[in-house]
file entry_9.cif (mmCIF, C-alpha atoms)
data_protein
loop_
_atom_site.label_atom_id
_atom_site.label_comp_id
_atom_site.auth_asym_id
_atom_site.auth_seq_id
_atom_site.Cartn_x
_atom_site.Cartn_y
_atom_site.Cartn_z
CA MET A 844 136.14 76.70 155.42
CA ALA A 845 137.70 80.17 154.98
CA VAL A 846 135.48 81.66 152.27
CA PHE A 847 137.51 84.81 151.70
CA ASN A 848 140.71 82.82 151.11
CA LEU A 849 139.28 80.51 148.47
CA ARG A 850 140.81 80.95 145.02
CA ALA A 851 137.33 81.17 143.51
CA TYR A 852 136.40 84.10 145.77
CA ASP A 853 136.66 87.25 143.64
CA ASP A 854 135.53 90.13 145.87
CA HIS A 855 131.97 88.83 145.74
CA GLU A 856 129.45 91.30 147.12
CA GLN A 857 127.37 88.79 149.05
CA ILE A 858 127.19 85.06 149.80
CA VAL A 859 124.06 83.61 151.38
CA PHE A 860 123.92 80.13 152.91
CA CYS A 861 120.34 78.86 152.95
CA ARG A 862 118.99 76.09 155.19
CA ASP A 863 115.40 74.95 155.66
CA VAL A 864 115.17 71.87 157.84
CA GLU A 865 111.54 70.99 157.09
CA SER A 866 112.03 70.80 153.32
CA GLY A 867 115.63 69.59 153.42
CA LEU A 868 116.87 72.61 151.48
CA LYS A 869 120.58 73.33 151.53
CA ALA A 870 121.50 76.07 149.08
CA ILE A 871 124.07 78.78 148.42
CA ILE A 872 123.38 82.08 146.65
CA CYS A 873 126.39 84.05 145.40
CA VAL A 874 126.06 87.66 144.29
CA HIS A 875 129.28 88.53 142.50
CA ASN A 876 128.73 92.05 141.17
CA THR A 877 125.79 94.42 140.65
CA ASN A 878 127.49 97.37 138.89
CA LEU A 879 125.57 96.72 135.66
CA GLY A 880 122.28 95.86 137.36
CA PRO A 881 120.72 93.21 139.62
CA ALA A 882 122.67 89.97 139.79
CA VAL A 883 121.05 87.51 137.39
CA GLY A 884 122.00 83.86 137.08
CA GLY A 885 120.42 80.44 137.18
CA CYS A 886 119.95 77.97 140.00
CA ARG A 887 121.76 74.64 139.67
CA MET A 888 120.75 71.49 141.57
CA TRP A 889 123.57 69.02 141.94
CA ASP A 890 124.63 66.26 144.33
CA TYR A 891 127.95 67.82 145.33
CA ASN A 892 130.56 65.75 147.14
CA SER A 893 131.03 68.46 149.76
CA ASP A 894 129.66 71.81 150.86
CA GLU A 895 132.98 73.39 149.90
CA GLY A 896 132.65 71.95 146.38
CA ALA A 897 129.20 73.51 146.11
CA LEU A 898 130.48 76.87 147.31
CA ILE A 899 133.42 76.89 144.89
CA ASP A 900 131.08 76.03 142.01
CA ALA A 901 128.70 78.84 142.97
CA LEU A 902 131.56 81.32 143.32
CA ARG A 903 133.02 80.47 139.92
CA LEU A 904 129.64 80.39 138.20
CA SER A 905 128.55 83.74 139.64
CA ARG A 906 131.74 85.47 138.50
CA GLY A 907 131.19 83.92 135.10
CA MET A 908 127.69 85.40 135.02
CA THR A 909 129.05 88.89 135.68
CA TYR A 910 131.43 88.51 132.75
CA LYS A 911 128.81 86.81 130.58
CA ASN A 912 126.25 89.57 131.07
CA ALA A 913 128.87 92.27 130.54
CA MET A 914 130.13 90.73 127.31
CA ALA A 915 126.57 90.25 126.07
CA GLY A 916 125.87 93.95 126.60
CA LEU A 917 123.11 93.34 129.14
CA GLN A 918 122.12 95.63 132.00
CA MET A 919 122.55 92.81 134.48
CA GLY A 920 125.07 91.93 137.12
CA GLY A 921 126.25 88.43 137.93
CA GLY A 922 125.00 85.91 140.44
CA LYS A 923 124.36 82.19 140.76
CA SER A 924 122.77 79.76 143.16
CA VAL A 925 123.18 76.06 143.83
CA ILE A 926 120.87 73.65 145.62
CA ILE A 927 122.77 70.74 147.13
CA GLY A 928 121.02 67.45 146.39
CA ASN A 929 120.04 64.85 143.84
CA SER A 930 117.71 66.46 141.30
CA LYS A 931 116.12 63.10 140.49
CA THR A 932 115.17 62.13 144.04
CA MET A 933 115.06 65.22 146.28
CA LYS A 934 112.80 67.68 144.49
CA SER A 935 109.61 68.79 146.21
CA GLU A 936 107.29 71.77 146.20
CA GLU A 937 108.31 72.55 149.78
CA LEU A 938 111.99 72.65 148.83
CA PHE A 939 111.53 75.06 145.93
CA ARG A 940 109.15 77.26 147.91
CA ALA A 941 111.73 77.48 150.67
CA PHE A 942 114.37 78.44 148.11
CA GLY A 943 112.02 81.08 146.71
CA ARG A 944 111.62 82.63 150.15
CA PHE A 945 115.39 82.99 150.49
CA VAL A 946 115.60 84.60 147.04
CA ASP A 947 112.80 86.97 148.00
CA LYS A 948 114.67 88.12 151.12
CA LEU A 949 117.33 89.60 148.83
CA SER A 950 114.70 92.06 147.55
CA GLY A 951 115.68 91.85 143.89
CA LYS A 952 119.44 92.03 144.33
CA TYR A 953 119.54 88.48 142.93
CA ILE A 954 117.20 87.18 140.23
CA THR A 955 117.15 83.43 139.60
CA ALA A 956 116.34 81.18 136.64
CA GLU A 957 116.76 77.52 135.70
CA ASP A 958 120.13 75.82 135.23
CA VAL A 959 121.45 72.24 135.37
CA GLY A 960 119.06 69.96 137.23
CA ILE A 961 116.27 72.57 137.28
CA THR A 962 113.26 72.91 134.97
CA PRO A 963 110.91 75.79 134.15
CA GLN A 964 108.30 73.89 136.17
CA ASP A 965 110.58 74.05 139.22
CA MET A 966 111.00 77.78 138.69
CA ALA A 967 107.23 78.15 138.56
CA ILE A 968 107.12 76.83 142.13
CA VAL A 969 109.89 79.24 143.19
CA HIS A 970 107.78 81.99 141.61
CA LYS A 971 105.00 81.27 144.11
CA GLU A 972 107.23 82.82 146.78
CA THR A 973 109.07 85.53 144.84
CA ASP A 974 108.74 87.67 141.73
CA HIS A 975 112.51 87.58 141.22
CA VAL A 976 112.45 84.71 138.71
CA LEU A 977 113.13 84.62 134.96
CA GLY A 978 112.62 81.96 132.30
CA LEU A 979 109.04 81.13 133.19
CA GLU A 980 106.70 79.20 130.93
CA GLY A 981 104.45 81.50 128.94
CA LYS A 982 107.20 84.10 128.78
CA SER A 983 110.74 83.37 127.54
CA GLY A 984 110.47 79.74 128.70
CA ASP A 985 113.24 77.14 128.58
CA PRO A 986 116.46 78.97 127.59
CA SER A 987 118.25 75.79 126.44
CA PRO A 988 117.35 75.98 122.72
CA VAL A 989 118.52 79.60 122.54
CA THR A 990 121.70 78.78 124.45
CA ALA A 991 122.40 76.08 121.86
CA TYR A 992 121.71 78.50 119.02
CA GLY A 993 124.19 80.95 120.52
CA VAL A 994 126.85 78.25 120.86
CA PHE A 995 126.21 77.23 117.26
CA THR A 996 126.64 80.87 116.19
CA GLY A 997 129.86 81.21 118.18
CA LEU A 998 131.18 77.91 116.88
CA LYS A 999 130.79 79.24 113.34
CA ALA A 1000 132.78 82.35 114.29
CA ALA A 1001 135.57 80.18 115.70
CA VAL A 1002 135.62 77.92 112.63
CA HIS A 1003 135.82 80.96 110.38
CA HIS A 1004 138.70 82.45 112.35
CA ARG A 1005 140.74 79.29 112.88
CA LEU A 1006 139.91 77.20 109.80
CA GLY A 1007 138.98 79.94 107.33
CA ARG A 1008 135.65 78.45 106.32
CA ASP A 1009 132.06 79.61 106.62
CA ASP A 1010 130.28 76.34 105.88
CA LEU A 1011 130.16 73.37 108.24
CA ASP A 1012 129.53 70.65 105.65
CA GLY A 1013 131.74 67.69 106.52
CA LEU A 1014 133.17 69.43 109.59
CA LYS A 1015 133.97 66.92 112.33
CA VAL A 1016 132.67 67.92 115.76
CA SER A 1017 132.86 66.01 119.04
CA VAL A 1018 130.11 66.92 121.49
CA GLN A 1019 130.54 66.03 125.16
CA GLY A 1020 127.24 66.14 127.02
CA LEU A 1021 123.86 65.64 125.34
CA GLY A 1022 121.44 67.36 127.70
CA HIS A 1023 119.04 69.99 126.43
CA VAL A 1024 121.73 72.31 125.11
CA GLY A 1025 123.97 69.58 123.74
CA TYR A 1026 121.06 67.94 121.93
CA TYR A 1027 119.93 71.17 120.25
CA LEU A 1028 123.52 71.98 119.30
CA CYS A 1029 123.81 68.58 117.63
CA ARG A 1030 120.64 69.27 115.69
CA HIS A 1031 121.98 72.60 114.38
CA LEU A 1032 125.29 70.99 113.41
CA HIS A 1033 123.61 68.04 111.73
CA GLU A 1034 121.38 70.34 109.68
CA GLN A 1035 124.52 72.08 108.41
CA GLY A 1036 126.17 68.79 107.38
CA ALA A 1037 128.62 68.35 110.25
CA GLN A 1038 129.81 64.87 111.25
CA LEU A 1039 129.17 64.23 114.95
CA VAL A 1040 131.06 62.19 117.53
CA VAL A 1041 129.22 62.21 120.86
CA THR A 1042 129.29 61.00 124.42
CA ASP A 1043 127.17 61.29 127.56
CA ILE A 1044 126.79 59.41 130.84
CA ASN A 1045 123.11 58.92 129.95
CA GLN A 1046 122.80 56.17 127.35
CA GLU A 1047 119.29 57.24 126.33
CA SER A 1048 120.61 60.66 125.37
CA VAL A 1049 123.37 59.06 123.31
CA ASP A 1050 120.95 56.71 121.54
CA ARG A 1051 118.65 59.59 120.65
CA VAL A 1052 121.40 61.62 118.98
CA VAL A 1053 122.80 58.57 117.20
CA ASP A 1054 119.35 57.66 115.85
CA GLU A 1055 118.27 61.17 114.84
CA PHE A 1056 121.53 62.64 113.58
CA GLY A 1057 123.67 59.66 112.57
CA ALA A 1058 126.26 60.49 115.22
CA THR A 1059 129.06 58.16 116.23
CA ALA A 1060 129.06 57.33 119.95
CA VAL A 1061 132.22 56.87 122.02
CA ASP A 1062 132.93 56.20 125.69
CA THR A 1063 133.16 59.23 127.96
CA ASP A 1064 136.94 58.96 128.34
CA GLU A 1065 137.47 58.59 124.59
CA ILE A 1066 135.91 61.90 123.57
CA TYR A 1067 139.21 63.76 124.05
CA HIS A 1068 141.16 61.50 121.69
CA GLN A 1069 138.93 62.05 118.67
CA GLU A 1070 140.50 63.42 115.48
CA VAL A 1071 137.99 66.21 114.92
CA ASP A 1072 137.98 69.85 113.89
CA VAL A 1073 135.97 71.09 116.88
CA TYR A 1074 135.62 69.83 120.44
CA ALA A 1075 132.36 71.07 122.02
CA PRO A 1076 132.23 70.55 125.80
CA CYS A 1077 128.58 70.75 126.84
CA ALA A 1078 128.62 68.91 130.17
CA LEU A 1079 129.99 70.20 133.48
CA GLY A 1080 133.08 72.36 133.79
CA ALA A 1081 136.85 71.84 134.12
CA THR A 1082 137.07 69.28 131.32
CA ILE A 1083 140.02 71.22 129.88
CA ASN A 1084 142.82 70.43 132.29
CA ASP A 1085 146.35 69.06 132.57
CA ASN A 1086 145.16 65.51 131.91
CA THR A 1087 142.93 66.19 128.92
CA ILE A 1088 144.78 68.89 126.99
CA PRO A 1089 147.52 66.53 125.72
CA LYS A 1090 144.78 64.27 124.32
CA ILE A 1091 142.76 66.91 122.46
CA GLN A 1092 143.17 66.69 118.68
CA ALA A 1093 140.77 69.50 117.73
CA SER A 1094 141.79 72.87 116.29
CA VAL A 1095 138.85 74.64 117.96
CA ILE A 1096 137.17 74.34 121.36
CA ALA A 1097 133.68 75.82 121.29
CA GLY A 1098 131.01 74.49 123.63
CA ALA A 1099 128.23 75.30 126.07
CA ALA A 1100 129.71 74.22 129.42
CA ASN A 1101 130.52 76.80 132.06
CA ASN A 1102 134.04 77.10 133.48
CA GLN A 1103 135.56 74.83 130.86
CA LEU A 1104 139.13 75.68 131.83
CA ALA A 1105 140.13 74.01 135.10
CA GLU A 1106 142.52 76.93 135.63
CA ASP A 1107 143.04 80.19 133.77
CA ARG A 1108 146.57 79.13 132.79
CA HIS A 1109 145.12 76.42 130.57
CA GLY A 1110 144.10 79.11 128.08
CA GLN A 1111 147.78 79.87 127.53
CA ILE A 1112 148.56 76.18 126.99
CA LEU A 1113 145.79 75.87 124.40
CA MET A 1114 147.08 78.91 122.53
CA GLU A 1115 150.60 77.48 122.47
CA LYS A 1116 149.19 74.26 121.01
CA GLY A 1117 147.43 76.20 118.26
CA ILE A 1118 143.95 75.44 119.61
CA LEU A 1119 141.47 78.31 119.40
CA TYR A 1120 139.37 78.51 122.56
CA ALA A 1121 136.01 80.29 122.53
CA PRO A 1122 135.63 81.69 126.08
CA ASP A 1123 132.69 79.86 127.62
CA TYR A 1124 130.81 82.78 129.09
CA VAL A 1125 130.88 84.57 125.75
CA ILE A 1126 129.74 81.69 123.56
CA ASN A 1127 127.07 80.32 125.91
CA ALA A 1128 125.31 83.63 126.61
CA GLY A 1129 122.27 82.84 124.45
CA GLY A 1130 120.15 81.66 127.36
CA ILE A 1131 120.65 84.72 129.53
CA ILE A 1132 120.15 86.97 126.50
CA ASN A 1133 116.85 85.19 125.88
CA VAL A 1134 115.55 85.70 129.43
CA SER A 1135 116.59 89.36 129.31
CA PHE A 1136 113.69 89.75 126.85
CA GLU A 1137 111.25 88.21 129.36
CA GLU A 1138 108.84 91.13 129.57
CA ASN A 1139 106.74 91.29 126.38
CA TYR A 1140 108.84 88.43 125.03
CA ASP A 1141 109.86 88.74 121.39
CA GLN A 1142 111.77 85.69 120.17
CA ALA A 1143 112.90 87.34 116.92
CA ALA A 1144 114.43 90.24 118.85
CA ALA A 1145 116.09 87.85 121.29
CA LEU A 1146 117.65 85.78 118.50
CA LYS A 1147 118.87 88.92 116.77
CA LYS A 1148 120.67 89.86 119.99
CA VAL A 1149 122.09 86.33 120.26
CA ASP A 1150 123.52 86.69 116.74
CA GLU A 1151 125.85 89.34 118.18
CA ILE A 1152 127.84 86.54 119.82
CA TYR A 1153 129.51 85.99 116.43
CA GLY A 1154 130.88 89.53 116.35
CA THR A 1155 131.85 89.59 120.02
CA LEU A 1156 133.88 86.40 119.68
CA SER A 1157 135.46 87.62 116.47
CA GLU A 1158 136.60 90.73 118.34
CA VAL A 1159 138.14 88.56 121.08
CA PHE A 1160 139.85 86.28 118.54
CA GLU A 1161 141.35 89.21 116.62
CA ALA A 1162 142.60 90.88 119.80
CA SER A 1163 144.16 87.60 120.90
CA LYS A 1164 145.87 87.14 117.54
CA SER A 1165 147.26 90.66 117.41
CA SER A 1166 148.48 90.71 121.02
CA GLY A 1167 149.67 87.11 121.28
CA ARG A 1168 147.66 86.57 124.46
CA PRO A 1169 145.08 83.87 125.23
CA THR A 1170 141.43 84.43 124.34
CA ASN A 1171 140.26 83.86 127.92
CA VAL A 1172 142.57 86.63 129.15
CA ILE A 1173 141.33 89.01 126.47
CA ALA A 1174 137.66 88.30 127.28
CA ASP A 1175 138.27 88.73 131.02
CA GLU A 1176 139.90 92.10 130.45
CA ILE A 1177 137.07 93.38 128.28
CA ALA A 1178 134.43 92.17 130.76
CA ARG A 1179 136.20 93.64 133.80
CA GLN A 1180 136.57 96.99 132.04
CA ARG A 1181 132.87 97.10 131.22
CA VAL A 1182 131.99 96.34 134.84
CA ALA A 1183 134.42 98.97 136.12
CA ASP A 1184 133.07 101.57 133.68
CA ALA A 1185 129.53 100.88 134.92
CA LYS A 1186 130.57 101.56 138.52
CA GLN A 1187 131.93 104.98 137.58
CA LYS A 1188 128.67 106.10 135.95
#

call {"tool": "encode", "arguments": {"input": "entry_9.cif", "output": "C-alpha cells"}}
result
Amino acid sequence: MAVFNLRAYDDHEQIVFCRDVESGLKAIICVHNTNLGPAVGGCRMWDYNSDEGALIDALRLSRGMTYKNAMAGLQMGGGKSVIIGNSKTMKSEELFRAFGRFVDKLSGKYITAEDVGITPQDMAIVHKETDHVLGLEGKSGDPSPVTAYGVFTGLKAAVHHRLGRDDLDGLKVSVQGLGHVGYYLCRHLHEQGAQLVVTDINQESVDRVVDEFGATAVDTDEIYHQEVDVYAPCALGATINDNTIPKIQASVIAGAANNQLAEDRHGQILMEKGILYAPDYVINAGGIINVSFEENYDQAAALKKVDEIYGTLSEVFEASKSSGRPTNVIADEIARQRVADAKQK
C-alpha cells in the first residue's frame, strides 16, 4: 500500500499507524495540516472492509477537518483518527486507553474528540491516558445537537439562495441517515413546518422519526428518487456519485455527512444540473465550533459562532454564481488560502 501515491494523500504532515495487541486496537491517526493550530478532529470507529479503506477514509476526513476549521475561522488545524472495528462488539476500556496513549505520544499535535461510532463516554476513557481530548461530558459534551443546528442554519442559507425563500413551511426535505445529527436535524425541520422523507439502515431510528415528526419512510435505495426540494445526506460519505446524481430530484443538497462527493468533479455535474450543493465541511462545522469553546464552555457564545455558517455559505454561493464555478471548488480555494496565509505569519 503506497501511502504517498494514494489520491486521498494531500501532503499530510504525519500519519500514525497504531497497534496494541493486548486490547486489539488497530487505529490510524492522520495529521493533515497544523498551520492554523494543533490538528483537531474526531475519532471514528468503523468496521472497514480493508486497512486501505480505513486509511483513505482517515486521509480524506483529516483534509476535510483542515478546511472545515479554516472556513469556520478557528485557530485549529486538521486531523482525524479511525479505529478499525465493530463499535457494537469490540469496545473496551483497554482499547480506548491504548488509543489514548497513542494520542498522548503526539504531545498535543493532534487533539481527538468523538465521531461516528464513538460516544462522550468513550472519550472519557481516552482522557484517562491523555489531556488531548475535546467534547467531554461536563464541558461542551456531545457535539451532535450543535452540528445539527449548524446544518439547519446552512440549509436555510441554501434554500434562500436557490429557492428565494426564508421560511421552511411546507418545504420537502429528504434526510438520509437518522443518527444523532440526522435526528436533531429532523426535529429542527419539523418545528419549522418542513415535510420529511427519511431513511436509515436502523429501523428503530426510522420508526422514532416517523412517530415523532410525521415523516414518510422509504427504503435506503429510494431516497435518491424522491421529488423534494432538499436532499440532506447525513449518513456516511460518497453518496453523491455517478450512480446517484441522475436520480436526485432535489434543487438543493445540504446535509451533515462528511465527504459527500465521491469525487471533486461531481460538484461540477451538480452545478450543471442546477443543483445547489452546500460544501459539507462548511455546513457541518457546528460540532467542531462547539468543542472549540470547551474551556469555560458558553453555549450561547458557541451557537452565535455557529450562526456564522449562514453567512459563510452565502459567500460561497455568491462567488460560485458570479464565477460560474462549483461551490466545492470555491470553498476549497478559500480554505486553502486561509491555511497558506497562516503559514506565512

call {"tool": "resolve_selection", "arguments": {"input": "entry_9.cif", "expression": "the PyMOL selection byres ((chain A and resi 867) around 10)", "output": "list of chain:residue names"}}
result
A:Arg862, A:Asp863, A:Val864, A:Glu865, A:Ser866, A:Leu868, A:Lys869, A:Ala870, A:Ile927, A:Gly928, A:Met933, A:Lys934, A:Ser935, A:Glu937, A:Leu938, A:Ala941

call {"tool": "closest_atom_pairs", "arguments": {"input": "entry_9.cif", "of": "stretch 941-1039 of chain A", "to": "stretch 1069-1093 of chain A", "cutoff": "8 Å", "atoms": "only C-alpha atoms", "output": "JSON lines"}}
result
{"residue": "A:Leu1014", "atom": "CA", "partner": "A:Asp1072", "partner_atom": "CA", "distance": 6.5}
{"residue": "A:Lys1015", "atom": "CA", "partner": "A:Val1071", "partner_atom": "CA", "distance": 4.8}
{"residue": "A:Val1016", "atom": "CA", "partner": "A:Val1073", "partner_atom": "CA", "distance": 4.7}
{"residue": "A:Ser1017", "atom": "CA", "partner": "A:Tyr1074", "partner_atom": "CA", "distance": 4.9}
{"residue": "A:Val1018", "atom": "CA", "partner": "A:Ala1075", "partner_atom": "CA", "distance": 4.8}
{"residue": "A:Gln1019", "atom": "CA", "partner": "A:Pro1076", "partner_atom": "CA", "distance": 4.9}
{"residue": "A:Gly1020", "atom": "CA", "partner": "A:Ala1078", "partner_atom": "CA", "distance": 4.4}
{"residue": "A:Leu1021", "atom": "CA", "partner": "A:Cys1077", "partner_atom": "CA", "distance": 7.1}
{"residue": "A:Gly1022", "atom": "CA", "partner": "A:Ala1078", "partner_atom": "CA", "distance": 7.7}
{"residue": "A:Val1024", "atom": "CA", "partner": "A:Cys1077", "partner_atom": "CA", "distance": 7.2}
{"residue": "A:Gly1025", "atom": "CA", "partner": "A:Cys1077", "partner_atom": "CA", "distance": 5.7}

call {"tool": "closest_residue", "arguments": {"input": "entry_9.cif", "among": "A:Ile1152, A:Val1002, A:Ser930, A:Gly880", "to": "A:Gln918", "atoms": "all atoms listed in the file"}}
result
A:Gly880

call {"tool": "residues_around", "arguments": {"input": "entry_9.cif", "residues": "A:Thr1042", "least_positions_apart": "5", "cutoff": "6 Å", "atoms": "only C-alpha atoms", "output": "mmCIF file with C-alpha atoms, keeping the file's coordinate frame"}}
result
data_model
loop_
_atom_site.group_PDB
_atom_site.id
_atom_site.type_symbol
_atom_site.label_atom_id
_atom_site.label_comp_id
_atom_site.auth_asym_id
_atom_site.auth_seq_id
_atom_site.Cartn_x
_atom_site.Cartn_y
_atom_site.Cartn_z
ATOM 1 C CA GLN A 1019 130.540 66.030 125.160
ATOM 2 C CA ALA A 1060 129.060 57.330 119.950
ATOM 3 C CA VAL A 1061 132.220 56.870 122.020
ATOM 4 C CA THR A 1063 133.160 59.230 127.960
#

call {"tool": "residues_near_point", "arguments": {"input": "entry_9.cif", "point": "(135.4, 93.4, 130.0)", "cutoff": "12 Å", "atoms": "all atoms listed in the file", "output": "mmCIF file with C-alpha atoms, keeping the file's coordinate frame"}}
result
data_model
loop_
_atom_site.group_PDB
_atom_site.id
_atom_site.type_symbol
_atom_site.label_atom_id
_atom_site.label_comp_id
_atom_site.auth_asym_id
_atom_site.auth_seq_id
_atom_site.Cartn_x
_atom_site.Cartn_y
_atom_site.Cartn_z
ATOM 1 C CA LEU A 879 125.570 96.720 135.660
ATOM 2 C CA GLY A 907 131.190 83.920 135.100
ATOM 3 C CA THR A 909 129.050 88.890 135.680
ATOM 4 C CA TYR A 910 131.430 88.510 132.750
ATOM 5 C CA LYS A 911 128.810 86.810 130.580
ATOM 6 C CA ASN A 912 126.250 89.570 131.070
ATOM 7 C CA ALA A 913 128.870 92.270 130.540
ATOM 8 C CA MET A 914 130.130 90.730 127.310
ATOM 9 C CA ALA A 915 126.570 90.250 126.070
ATOM 10 C CA GLY A 916 125.870 93.950 126.600
ATOM 11 C CA TYR A 1124 130.810 82.780 129.090
ATOM 12 C CA VAL A 1125 130.880 84.570 125.750
ATOM 13 C CA THR A 1155 131.850 89.590 120.020
ATOM 14 C CA VAL A 1159 138.140 88.560 121.080
ATOM 15 C CA ASN A 1171 140.260 83.860 127.920
ATOM 16 C CA VAL A 1172 142.570 86.630 129.150
ATOM 17 C CA ILE A 1173 141.330 89.010 126.470
ATOM 18 C CA ALA A 1174 137.660 88.300 127.280
ATOM 19 C CA ASP A 1175 138.270 88.730 131.020
ATOM 20 C CA GLU A 1176 139.900 92.100 130.450
ATOM 21 C CA ILE A 1177 137.070 93.380 128.280
ATOM 22 C CA ALA A 1178 134.430 92.170 130.760
ATOM 23 C CA ARG A 1179 136.200 93.640 133.800
ATOM 24 C CA GLN A 1180 136.570 96.990 132.040
ATOM 25 C CA ARG A 1181 132.870 97.100 131.220
ATOM 26 C CA VAL A 1182 131.990 96.340 134.840
ATOM 27 C CA ALA A 1183 134.420 98.970 136.120
ATOM 28 C CA ASP A 1184 133.070 101.570 133.680
ATOM 29 C CA ALA A 1185 129.530 100.880 134.920
#

call {"tool": "atom_distance", "arguments": {"input": "entry_9.cif", "atom1": "atom CA of A:Glu1034", "atom2": "atom CA of A:Gly1130"}}
result
21.0 Å

call {"tool": "closest_residue", "arguments": {"input": "entry_9.cif", "among": "A:Gly1167, A:Gly921, A:Gly1154, A:Gly1036", "to": "A:Asp1012", "atoms": "all atoms listed in the file"}}
result
A:Gly1036

call {"tool": "closest_residue", "arguments": {"input": "entry_9.cif", "among": "A:Ser1163, A:Arg1005, A:Asp1062, A:Ala1000", "to": "A:Asn1045", "atoms": "all atoms listed in the file"}}
result
A:Asp1062

call {"tool": "resolve_selection", "arguments": {"input": "entry_9.cif", "expression": "the PyMOL selection byres ((chain A and resi 975-979) around 6)", "output": "ChimeraX atom specification"}}
result
/A:951,954-956,963,973-974,980,982-984,1134

call {"tool": "atom_distance", "arguments": {"input": "entry_9.cif", "atom1": "atom CA of A:Thr962", "atom2": "atom CA of A:Lys1148"}}
result
23.8 Å

call {"tool": "atom_distance", "arguments": {"input": "entry_9.cif", "atom1": "atom CA of A:Thr1059", "atom2": "atom CA of A:Asp1123"}}
result
24.8 Å

call {"tool": "axis_aligned_box", "arguments": {"input": "entry_9.cif", "around": "stretch 1053-1063 of chain A", "padding_each_side": "5 Å", "output": "JSON"}}
result
{"center_x": 125.7, "center_y": 59.4, "center_z": 120.3, "size_x": 24.9, "size_y": 16.4, "size_z": 25.4}

call {"tool": "closest_residue", "arguments": {"input": "entry_9.cif", "among": "A:Ala897, A:Met919, A:Val1052, A:Leu1156", "to": "A:Val883", "atoms": "only C-alpha atoms"}}
result
A:Met919

call {"tool": "resolve_selection", "arguments": {"input": "entry_9.cif", "expression": "the PyMOL selection byres ((chain A and resi 1129) around 8)", "output": "VMD selection string"}}
result
chain A and resid 986 989 to 994 1126 to 1128 1130 to 1133 1149

call {"tool": "residues_around", "arguments": {"input": "entry_9.cif", "residues": "A:Val846", "least_positions_apart": "6", "cutoff": "9 Å", "atoms": "all atoms listed in the file", "output": "VMD selection string"}}
result
chain A and resid 852 895 898

call {"tool": "residues_around", "arguments": {"input": "entry_9.cif", "residues": "A:Phe847", "least_positions_apart": "5", "cutoff": "12 Å", "atoms": "all atoms listed in the file", "output": "MDAnalysis selection string"}}
result
chainID A and resid 852:858 898:899 902

call {"tool": "build_atoms", "arguments": {"input": "entry_9.cif", "residues": "stretch 959-972 of chain A", "atoms": "N, CA and C atoms", "output": "mmCIF file, in the coordinates of the input"}}
result
data_model
loop_
_atom_site.group_PDB
_atom_site.id
_atom_site.type_symbol
_atom_site.label_atom_id
_atom_site.label_comp_id
_atom_site.auth_asym_id
_atom_site.auth_seq_id
_atom_site.Cartn_x
_atom_site.Cartn_y
_atom_site.Cartn_z
ATOM 1 N N VAL A 959 121.316 73.700 135.347
ATOM 2 C CA VAL A 959 121.450 72.240 135.370
ATOM 3 C C VAL A 959 120.643 71.645 136.518
ATOM 4 N N GLY A 960 119.839 70.655 136.204
ATOM 5 C CA GLY A 960 119.060 69.960 137.230
ATOM 6 C C GLY A 960 117.745 70.642 137.586
ATOM 7 N N ILE A 961 117.469 71.789 136.974
ATOM 8 C CA ILE A 961 116.270 72.570 137.280
ATOM 9 C C ILE A 961 115.467 72.766 135.999
ATOM 10 N N THR A 962 114.142 72.741 136.124
ATOM 11 C CA THR A 962 113.260 72.910 134.970
ATOM 12 C C THR A 962 112.431 74.186 135.115
ATOM 13 N N PRO A 963 111.837 74.649 134.028
ATOM 14 C CA PRO A 963 110.910 75.790 134.150
ATOM 15 C C PRO A 963 109.767 75.504 135.117
ATOM 16 N N GLN A 964 109.357 74.248 135.222
ATOM 17 C CA GLN A 964 108.300 73.890 136.170
ATOM 18 C C GLN A 964 108.758 74.110 137.618
ATOM 19 N N ASP A 965 110.032 73.797 137.891
ATOM 20 C CA ASP A 965 110.580 74.050 139.220
ATOM 21 C C ASP A 965 110.588 75.547 139.517
ATOM 22 N N MET A 966 110.967 76.329 138.514
ATOM 23 C CA MET A 966 111.000 77.780 138.690
ATOM 24 C C MET A 966 109.605 78.351 138.912
ATOM 25 N N ALA A 967 108.605 77.701 138.339
ATOM 26 C CA ALA A 967 107.230 78.150 138.560
ATOM 27 C C ALA A 967 106.857 78.021 140.035
ATOM 28 N N ILE A 968 107.374 76.985 140.691
ATOM 29 C CA ILE A 968 107.120 76.830 142.130
ATOM 30 C C ILE A 968 107.862 77.907 142.918
ATOM 31 N N VAL A 969 109.117 78.164 142.547
ATOM 32 C CA VAL A 969 109.890 79.240 143.190
ATOM 33 C C VAL A 969 109.132 80.555 143.066
ATOM 34 N N HIS A 970 108.499 80.742 141.901
ATOM 35 C CA HIS A 970 107.780 81.990 141.610
ATOM 36 C C HIS A 970 106.583 82.193 142.537
ATOM 37 N N LYS A 971 106.105 81.130 143.158
ATOM 38 C CA LYS A 971 105.000 81.270 144.110
ATOM 39 C C LYS A 971 105.407 82.073 145.338
ATOM 40 N N GLU A 972 106.728 82.123 145.592
ATOM 41 C CA GLU A 972 107.230 82.820 146.780
ATOM 42 C C GLU A 972 107.973 84.113 146.461
#
